[in-house]
Amino acid sequence: MKAIIMAGGEGTRLRPLTCNIPKPMMPIMDKPVMEYAVELLKNSGITDIGVTLQYLPDEIMNYFGDGRDFGVNIKYFIEEMPLGTAGSVKNAECFLNDTFIVISGDALTDIDLSKAIAFHKQNNSIATLVLKEVAVPLEFGVVVTDNNGRIKGFLEKPSWSEVFSDKANTGIYILEPEIFSYFEQNQKFDFSNDLFPLLLNDKKPMFGYVAEGYWCDIGNIEQYIRCHFDILKGLVKVKIKGEKYKDGIWRGENCEISEEAEISTPVYIGSGTKIYSGAKIGPYTVLGKNNIISSNGTIKRSVVFDNCYVGENAQVRGAILCKKVQLEAKASVFEEATVGDDTLVKERALIKPGIKIWPNKVIEASTVVKENVIWGEKLSSSLFGKRGITGEVNVDITPEFVSKLGSAYGSLLKADSKVAIACCDNGASQMFKYSLATGLQSMGMEVLDLKRMPRALTRQATMFFGAQGGIHVSIDSDNAEKVHIVFMDGKGLDIDKNLKRKIENSFIREDFRRVKTDTFKQINHMYNCLEYYTRQLINILGVHNIRNQKYKVILSIKNPMVLGIVKDLLQELRVNVKVYDEYNNLLGLKREVVENNANLGIKIDDQCEEAVLVDEKGNIIKDELFDAVNALVMLKSSNIKTLVVPVTASSTMEQVAEMCGCKFIRTKTSQKCIIDTLLKNEKNISKREIITAYLMTLDSISVCALILNLMASSNLPLSSILAQIPKYHIAKKEVKCPWNMKGRLMRNLIEENNSKSVDLIEGVKLNYEGGWALVLPDAEEPLCRVYAESKDSDELMKLTEELLERIEIITEEEKSSV
């Protein structure tokens with residue numbers, strides 16, 4: 001005999017539980033509900049099973065496969081469109097050549113199917129409906145039978161005035177293939193509403209078998225929770241996954257339960273779950289796989305799916321937490337509330353009884369949720385800011401925190417990956433660097449310790465040594481209590497937003513793949529990295545040209561490590577160096593350059609990411625003008641024929657590209673977008689050469705060395721090179737703009753503008769004759785950044801003022817309409 005499991009339901013009444021999984025995959029005691037149906041069929045001697053699918057079919061097929069692991073043979077029949085219960089079974093008609101049984105994949109039952117089959121055959125029935133007596137039949141189809149069990153009538157989901165029986169249709173049917181002659185293939189057809197009335201009208205032998213045993217359709221959240229409680233009470237004869245740890249306590253493999261945790265029976269604890277000391281697990285609690293229940297966290301009469309985190313002193317009462325839900329410290333979720341997948345409930349937030357929260361939401365700290373949270377995106381305060389991950393030393397950022405960060409990053413990389421780590425010249429940053437190493441090693445990563453290096457140089461070393469990723473730790477030069485941690489990819493670039501999000505999620509969930517001791521890798525200490533860097537740069541430069549010029553350079557560099565690198569490099573180039581130690585005095589540096597007849601003045605920050613130059617005449621080169629010189633030397637010193645700049649860059653860059661006979665492209669502001677565009681447009685040179693050239697533009701030491709090289713090769717002072725570059729007047733402003741007004745502001749700027757054209761590469765860029773203005777919403781703060789540029793200073797002032805006035809009008813209109 002064969003069977004059909006109907007598993008196409010969406011489970012709309014169970015949402016948000018079923019937003020990401022089909023109803024038959026709803027977990028009950030750490031197993032999908034459909035698995036219980038498969039086990040019931042197998043125990044009844046039925047091993048040839050067809051499964052009808054429609055909603056998220058891959059979820060079911062990936063789990064059950066061909067059925068071999070479950071001791072059965074499974075074939076799948078997928079509906080391209082909803083065909084109703086009978087229509088979906090018609091899809092499997094070629095599979096069903098004899099009496100067969102139909103069972104729902106989303107109901108829990110231990111009914112003895114062999115007795116129902118015997119009853120069917122005894123009565124020569126064409127269709128036998130398995131019935132169950134229920135006290136309140138409003139949610140089910142009810143059936144009236146005579147004393148012999150022959151069906152006389154039925155009605156789907158009656159009102160109280162229509163209740164004429166307490167025999168509910170369980171959705172389990174024993175059928176003959178003859179029923180397929182009553183409807184066509186691909187015809188939407190239902191058993192209860194269409195087929196059974198036809199059979200009744202034709203006076204075909206159709207019977208109802210009133211079964212004993214347990215049956216529960218998990219049609220809504222209340223019934224779903226009740227199934228778990230009934231299993232724990234022993235009311236259902238099913239195979240529970242795991243072992244009976246103590247009387248009334250079932251648990252899966254590899255659980256860690258503190259002896260100081262308080263467990264009240266009956267409970268179920270899924271495999272890999274950790275329960276810390278002081279935690280209280282109350283009766284009728286069901287925990288799925290890999291959950292973490294922190295100290296003094298309490299859970300009672302609740303169902304928790306997989307990979308959830310319950311923080312210290314958090315409490316869950318009679319609620320459901322779906323997959324990967326995180327409750328931070330002192331958060332509370334109360335009776336019949338449901339929290340969807342990947343939701344973060346922050347400290348002291350409170351979710352009222354009966355509330356439903358859809359997946360991927362963030363409930364902010366101390367929020368009281370009084371209504372369902374359905375719409376809106378995940379507005380998480382990311383770990384990552386503009387300068388990587390930033391916080392106070394040993395307050396926000398502790399060694400434990402950083403080690404976990406290393407594990408979070410390592411868990412997302414392929415096995416046997418190499419990660420380069422480096423830090424600035426500071427004891428705290430060194431401590432955090434080795435904390436990162438510990439976390440990375442725990443994930444089986446090979447760690448390359450680059451020792452002490454500025455961030456810009458770490459980027460080049462990460463690629464040079466073939467690492468799959470890099471991390472740099474530095475202490476803020478203006479605030480010794482602040483630390484910055486920057487993650488890089490294998491190209492030495494800042495990781496993209498998708499990887500940042502994954503690291504954050506991995507960090508929050510602590511969803512790490514642990515490795516055994518035989519796969520641990522050692523830390524490889526990379527000595528002389530700074531010497532490698534200097535040698536690589538020397539090899540790129542026209543050393544003889546620079547040496548022959550006998551240049552004189554004034555250095556204003558605060559960081560001793562950076563100063564040492566630059567001095568060693570210039571000494572190799574036979575450049576006469578004088579150090580000016582009033583680091584924040586640009587006018588003083590300018591004076592020093594002029595008075596000493598120096599060829600160049602150089603000021604470089606601690607991480608070698610920013611620089612200010614002074615030419616031999618005392619002209620200060622910084623910001624947009626420095627960027628233009630940077631672009632010029634990159635194009636002059638490499639084989640790259642494309643200049644790719646962020647949308648915020650000055651029009652000067654376009655003129656530089658034209659001077660060099662190169663293609664000019666604007667793109668988004670991220671490093672990844674810039675390098676991807678370069679790689680796409682440069683087909684005649686190697687990927688490594690392109691990335692190296694771009695990384696050098698991010699490194700102030702390399703840029704300054706290449707400027708010296710350009711000066712020497714062209715036999716021109718820096719002032720003469722600068723004279724070739726056209727200059728524009730630039731304005732930058734920040735404008736307050738509430739989060740909920742940013743979209744409206746952007747739309748209004750696009751719809752109501754008098755510009756020549758609009759670019760939407762990133763933000764809204766309005767192009768005018770001789771100038772442009774860009775409005776860019778900030779990703780972290782309730783403000784917009786305004787950039788404007790013009791050849792004429794008066795035009796720039798006018799353009800900027802008009803735009804700022806428009807922004808103010810739009811935001812004020814929005815405020816008044818709320």
# chains A, B, ... in the order shown; residues from 1 in each chain; ligands from 1
>>> residues_around(residues="range 517-528 of chain A", least_positions_apart="2", cutoff="6 Å", atoms="only C-alpha atoms", output="VMD selection string")
chain A and resid 444 446 to 450 530 to 531
>>> residues_around(residues="Ile725 in chain A", least_positions_apart="4", cutoff="10 Å", atoms="only C-alpha atoms", output="list of chain:residue names")
A:Leu625, A:Ala628, A:Val629, A:Leu632, A:Thr652, A:Met653, A:Gln655, A:Val656, A:Met659, A:Ser720, A:Ile721
>>> closest_residue(among="A:Ser277, A:Gly564, A:Tyr551, A:Lys668", to="Leu760 in chain A", atoms="only C-alpha atoms")
A:Lys668
>>> closest_atom_pairs(of="range 452-539 of chain A", to="range 418-434 of chain A", cutoff="12 Å", atoms="only C-alpha atoms", output="tab-separated table")
residue	atom	partner	partner_atom	distance
A:Arg452	CA	A:Cys423	CA	5.0
A:Met453	CA	A:Cys424	CA	5.7
A:Pro454	CA	A:Cys424	CA	5.9
A:Arg455	CA	A:Cys423	CA	7.8
A:Ala456	CA	A:Ala422	CA	10.8
A:Leu457	CA	A:Ala422	CA	9.6
A:Thr458	CA	A:Ala422	CA	6.7
A:Arg459	CA	A:Ala420	CA	9.3
A:Gln460	CA	A:Ala420	CA	10.7
A:Ala461	CA	A:Ala420	CA	8.0
A:Thr462	CA	A:Ala420	CA	5.8
A:Met463	CA	A:Ala420	CA	9.2
A:Phe464	CA	A:Ala420	CA	10.3
A:Phe465	CA	A:Ala420	CA	8.2
A:Gly466	CA	A:Lys418	CA	7.8
A:Ala467	CA	A:Lys418	CA	4.8
A:Gln468	CA	A:Lys418	CA	5.5
A:Gly469	CA	A:Val419	CA	4.8
A:Gly470	CA	A:Ala420	CA	4.5
A:Ile471	CA	A:Ile421	CA	4.9
A:His472	CA	A:Ala422	CA	5.0
A:Val473	CA	A:Cys423	CA	4.6
A:Ser474	CA	A:Cys424	CA	5.0
A:Ile475	CA	A:Ser429	CA	6.3
A:Asp476	CA	A:Cys424	CA	9.8
A:Ser477	CA	A:Cys424	CA	10.3
A:Ala480	CA	A:Ala428	CA	9.4
A:Glu481	CA	A:Ala428	CA	9.4
A:Lys482	CA	A:Ala428	CA	9.9
A:Val483	CA	A:Ser429	CA	7.3
A:His484	CA	A:Ser429	CA	8.8
A:Ile485	CA	A:Phe432	CA	9.1
A:Val486	CA	A:Ile421	CA	10.1
A:Phe487	CA	A:Ile421	CA	9.4
A:Met488	CA	A:Ala420	CA	9.1
A:Asp489	CA	A:Val419	CA	9.1
A:Gly490	CA	A:Val419	CA	8.5
A:Lys491	CA	A:Ala420	CA	11.5
A:Gly492	CA	A:Ala420	CA	9.7
A:Lys521	CA	A:Lys418	CA	9.6
A:Gln522	CA	A:Lys418	CA	10.8
A:Ile523	CA	A:Tyr434	CA	9.7
A:Asn524	CA	A:Ala420	CA	9.4
A:His525	CA	A:Ala420	CA	10.0
A:Met526	CA	A:Ala420	CA	9.4
A:Tyr527	CA	A:Ala422	CA	11.7
A:Cys529	CA	A:Ala422	CA	10.4
A:Leu530	CA	A:Ala422	CA	11.6
>>> residues_around(residues="Leu131 in chain A", least_positions_apart="2", cutoff="8 Å", atoms="only C-alpha atoms", output="VMD selection string")
chain A and resid 129 133 143 167 to 170 208 to 211
>>> select_by_dssp(residues="range 369-461 of chain A", states="helix (DSSP H, G or I)", output="PyMOL selection string")
chain A and resi 399-410+427-442+455-461
>>> write_last_selection(atoms="C-alpha atoms", output="compact mmCIF listing (two decimals), in the first residue's frame")
# COMPACT_ATOMS: atom_id res chain seq x y z
CA PRO A 399 39.31 41.21 25.26
CA GLU A 400 36.36 38.79 25.51
CA PHE A 401 34.31 40.91 23.10
CA VAL A 402 37.20 41.05 20.63
CA SER A 403 37.90 37.33 20.83
CA LYS A 404 34.26 36.70 19.98
CA LEU A 405 34.60 39.10 17.05
CA GLY A 406 37.52 37.04 15.78
CA SER A 407 35.41 33.88 16.06
CA ALA A 408 32.50 35.57 14.27
CA TYR A 409 34.76 36.59 11.35
CA GLY A 410 36.58 33.26 11.23
CA GLY A 427 49.85 48.17 24.41
CA ALA A 428 46.03 48.10 24.42
CA SER A 429 45.85 47.55 20.67
CA GLN A 430 48.38 44.72 20.98
CA MET A 431 46.23 43.08 23.68
CA PHE A 432 43.17 43.25 21.41
CA LYS A 433 45.16 41.94 18.44
CA TYR A 434 46.01 38.75 20.31
CA SER A 435 42.40 38.44 21.52
CA LEU A 436 41.41 38.46 17.85
CA ALA A 437 44.02 35.79 17.17
CA THR A 438 42.49 33.55 19.86
CA GLY A 439 39.03 33.85 18.34
CA LEU A 440 40.35 33.19 14.84
CA GLN A 441 42.34 30.16 15.94
CA SER A 442 39.27 28.68 17.64
CA ARG A 455 46.35 50.50 8.80
CA ALA A 456 47.15 51.57 5.23
CA LEU A 457 50.24 49.36 5.17
CA THR A 458 48.28 46.45 6.63
CA ARG A 459 46.02 46.57 3.58
CA GLN A 460 48.97 46.01 1.25
CA ALA A 461 50.50 43.32 3.47
>>> residues_around(residues="His120 in chain A", least_positions_apart="6", cutoff="12 Å", atoms="only C-alpha atoms", output="number ranges by chain")
A: 99-101, 113-114, 126-130, 149-150, 173-176, 205-210
>>> residues_around(residues="Cys227 in chain A", least_positions_apart="2", cutoff="8 Å", atoms="only C-alpha atoms", output="PDB file with N, CA and C atoms, in the first residue's frame")
ATOM      1  N   ILE A  28       8.447  20.286  16.088  1.00  0.00           N
ATOM      2  CA  ILE A  28       7.801  19.850  17.325  1.00  0.00           C
ATOM      3  C   ILE A  28       8.795  18.926  18.030  1.00  0.00           C
ATOM      4  N   LEU A 108      -0.405  16.328  13.947  1.00  0.00           N
ATOM      5  CA  LEU A 108       0.274  15.363  14.808  1.00  0.00           C
ATOM      6  C   LEU A 108      -0.747  14.330  15.270  1.00  0.00           C
ATOM      7  N   CYS A 216      -4.092  16.146  16.471  1.00  0.00           N
ATOM      8  CA  CYS A 216      -4.143  17.604  16.617  1.00  0.00           C
ATOM      9  C   CYS A 216      -3.640  18.257  15.335  1.00  0.00           C
ATOM     10  N   ILE A 218      -2.185  21.391  13.697  1.00  0.00           N
ATOM     11  CA  ILE A 218      -1.525  22.614  14.189  1.00  0.00           C
ATOM     12  C   ILE A 218      -1.928  23.798  13.301  1.00  0.00           C
ATOM     13  N   GLN A 223      -2.880  25.823  19.011  1.00  0.00           N
ATOM     14  CA  GLN A 223      -2.828  24.371  18.809  1.00  0.00           C
ATOM     15  C   GLN A 223      -1.387  23.890  18.694  1.00  0.00           C
ATOM     16  N   TYR A 224      -0.547  24.706  18.100  1.00  0.00           N
ATOM     17  CA  TYR A 224       0.857  24.342  17.940  1.00  0.00           C
ATOM     18  C   TYR A 224       1.535  24.179  19.303  1.00  0.00           C
ATOM     19  N   ILE A 225       1.291  25.139  20.188  1.00  0.00           N
ATOM     20  CA  ILE A 225       1.876  25.041  21.528  1.00  0.00           C
ATOM     21  C   ILE A 225       1.295  23.837  22.271  1.00  0.00           C
ATOM     22  N   PHE A 229       2.860  20.474  24.655  1.00  0.00           N
ATOM     23  CA  PHE A 229       2.447  20.173  26.023  1.00  0.00           C
ATOM     24  C   PHE A 229       1.890  18.750  26.117  1.00  0.00           C
ATOM     25  N   ASP A 230       1.117  18.363  25.088  1.00  0.00           N
ATOM     26  CA  ASP A 230       0.509  17.028  25.106  1.00  0.00           C
ATOM     27  C   ASP A 230       1.560  15.929  25.017  1.00  0.00           C
ATOM     28  N   ILE A 231       2.627  16.165  24.251  1.00  0.00           N
ATOM     29  CA  ILE A 231       3.713  15.182  24.184  1.00  0.00           C
ATOM     30  C   ILE A 231       4.396  15.064  25.540  1.00  0.00           C
TER      31      ILE A 231
END
>>> residues_around(residues="range 765-771 of chain A", least_positions_apart="6", cutoff="7 Å", atoms="only C-alpha atoms", output="list in words")
Ser755, Lys756, Ser757, Val758, Asp759, Glu789, Ser790 and Lys791 of chain A
>>> residues_around(residues="Ala788 in chain A", least_positions_apart="5", cutoff="10 Å", atoms="only C-alpha atoms", output="compact mmCIF listing (two decimals) with N, CA and C atoms, in the first residue's frame")
# COMPACT_ATOMS: atom_id res chain seq x y z
N THR A 648 31.30 61.58 -4.74
CA THR A 648 31.56 62.82 -4.00
C THR A 648 32.80 63.56 -4.50
N SER A 650 35.66 65.66 -6.57
CA SER A 650 35.63 66.93 -7.30
C SER A 650 35.74 66.70 -8.81
N HIS A 729 35.85 75.40 -6.66
CA HIS A 729 35.45 75.80 -5.32
C HIS A 729 34.44 74.77 -4.80
N ILE A 730 34.66 74.35 -3.58
CA ILE A 730 33.87 73.23 -3.03
C ILE A 730 33.28 73.62 -1.68
N ALA A 731 32.05 73.16 -1.44
CA ALA A 731 31.39 73.38 -0.15
C ALA A 731 30.88 72.04 0.37
N LYS A 732 30.99 71.83 1.69
CA LYS A 732 30.47 70.62 2.33
C LYS A 732 29.66 71.03 3.55
N LYS A 733 28.46 70.49 3.65
CA LYS A 733 27.58 70.83 4.78
C LYS A 733 26.90 69.57 5.31
N LYS A 765 22.38 63.53 -7.15
CA LYS A 765 23.33 64.52 -7.64
C LYS A 765 22.66 65.35 -8.72
N LEU A 766 22.61 66.67 -8.49
CA LEU A 766 21.99 67.61 -9.41
C LEU A 766 23.09 68.33 -10.18
N ASN A 767 23.08 68.21 -11.50
CA ASN A 767 24.11 68.81 -12.35
C ASN A 767 23.63 70.13 -12.94
N GLY A 771 28.71 73.49 -12.50
CA GLY A 771 28.75 73.01 -11.11
C GLY A 771 27.76 71.89 -10.86
N TRP A 772 27.77 71.39 -9.66
CA TRP A 772 26.86 70.32 -9.26
C TRP A 772 26.65 70.34 -7.75
N ALA A 773 25.60 69.66 -7.32
CA ALA A 773 25.33 69.51 -5.88
C ALA A 773 24.88 68.08 -5.62
N LEU A 774 25.34 67.51 -4.53
CA LEU A 774 25.01 66.14 -4.17
C LEU A 774 24.44 66.11 -2.76
N VAL A 775 23.31 65.41 -2.60
CA VAL A 775 22.72 65.20 -1.28
C VAL A 775 22.80 63.70 -0.99
N LEU A 796 28.89 79.13 -6.33
CA LEU A 796 28.87 78.04 -5.34
C LEU A 796 28.05 78.45 -4.13
N MET A 797 28.25 79.66 -3.64
CA MET A 797 27.51 80.13 -2.47
C MET A 797 26.01 80.16 -2.76
N LEU A 799 24.37 78.43 -5.12
CA LEU A 799 23.89 77.07 -5.31
C LEU A 799 23.68 76.37 -3.97
N THR A 800 24.64 76.53 -3.07
CA THR A 800 24.55 75.87 -1.77
C THR A 800 23.40 76.41 -0.95
N LEU A 803 20.00 75.21 -2.25
CA LEU A 803 19.75 73.80 -1.97
C LEU A 803 19.43 73.59 -0.49
>>> closest_residue(among="A:Arg501, A:Val325, A:Lys451, A:Glu335", to="Ser302 in chain A", atoms="only C-alpha atoms")
A:Glu335
>>> closest_residue(among="A:Leu710, A:Ile60, A:Ile604, A:Leu613", to="Ile546 in chain A", atoms="only C-alpha atoms")
A:Leu710
>>> closest_residue(among="A:Val310, A:Leu287, A:Leu804, A:Ala349", to="Thr367 in chain A", atoms="only C-alpha atoms")
A:Ala349
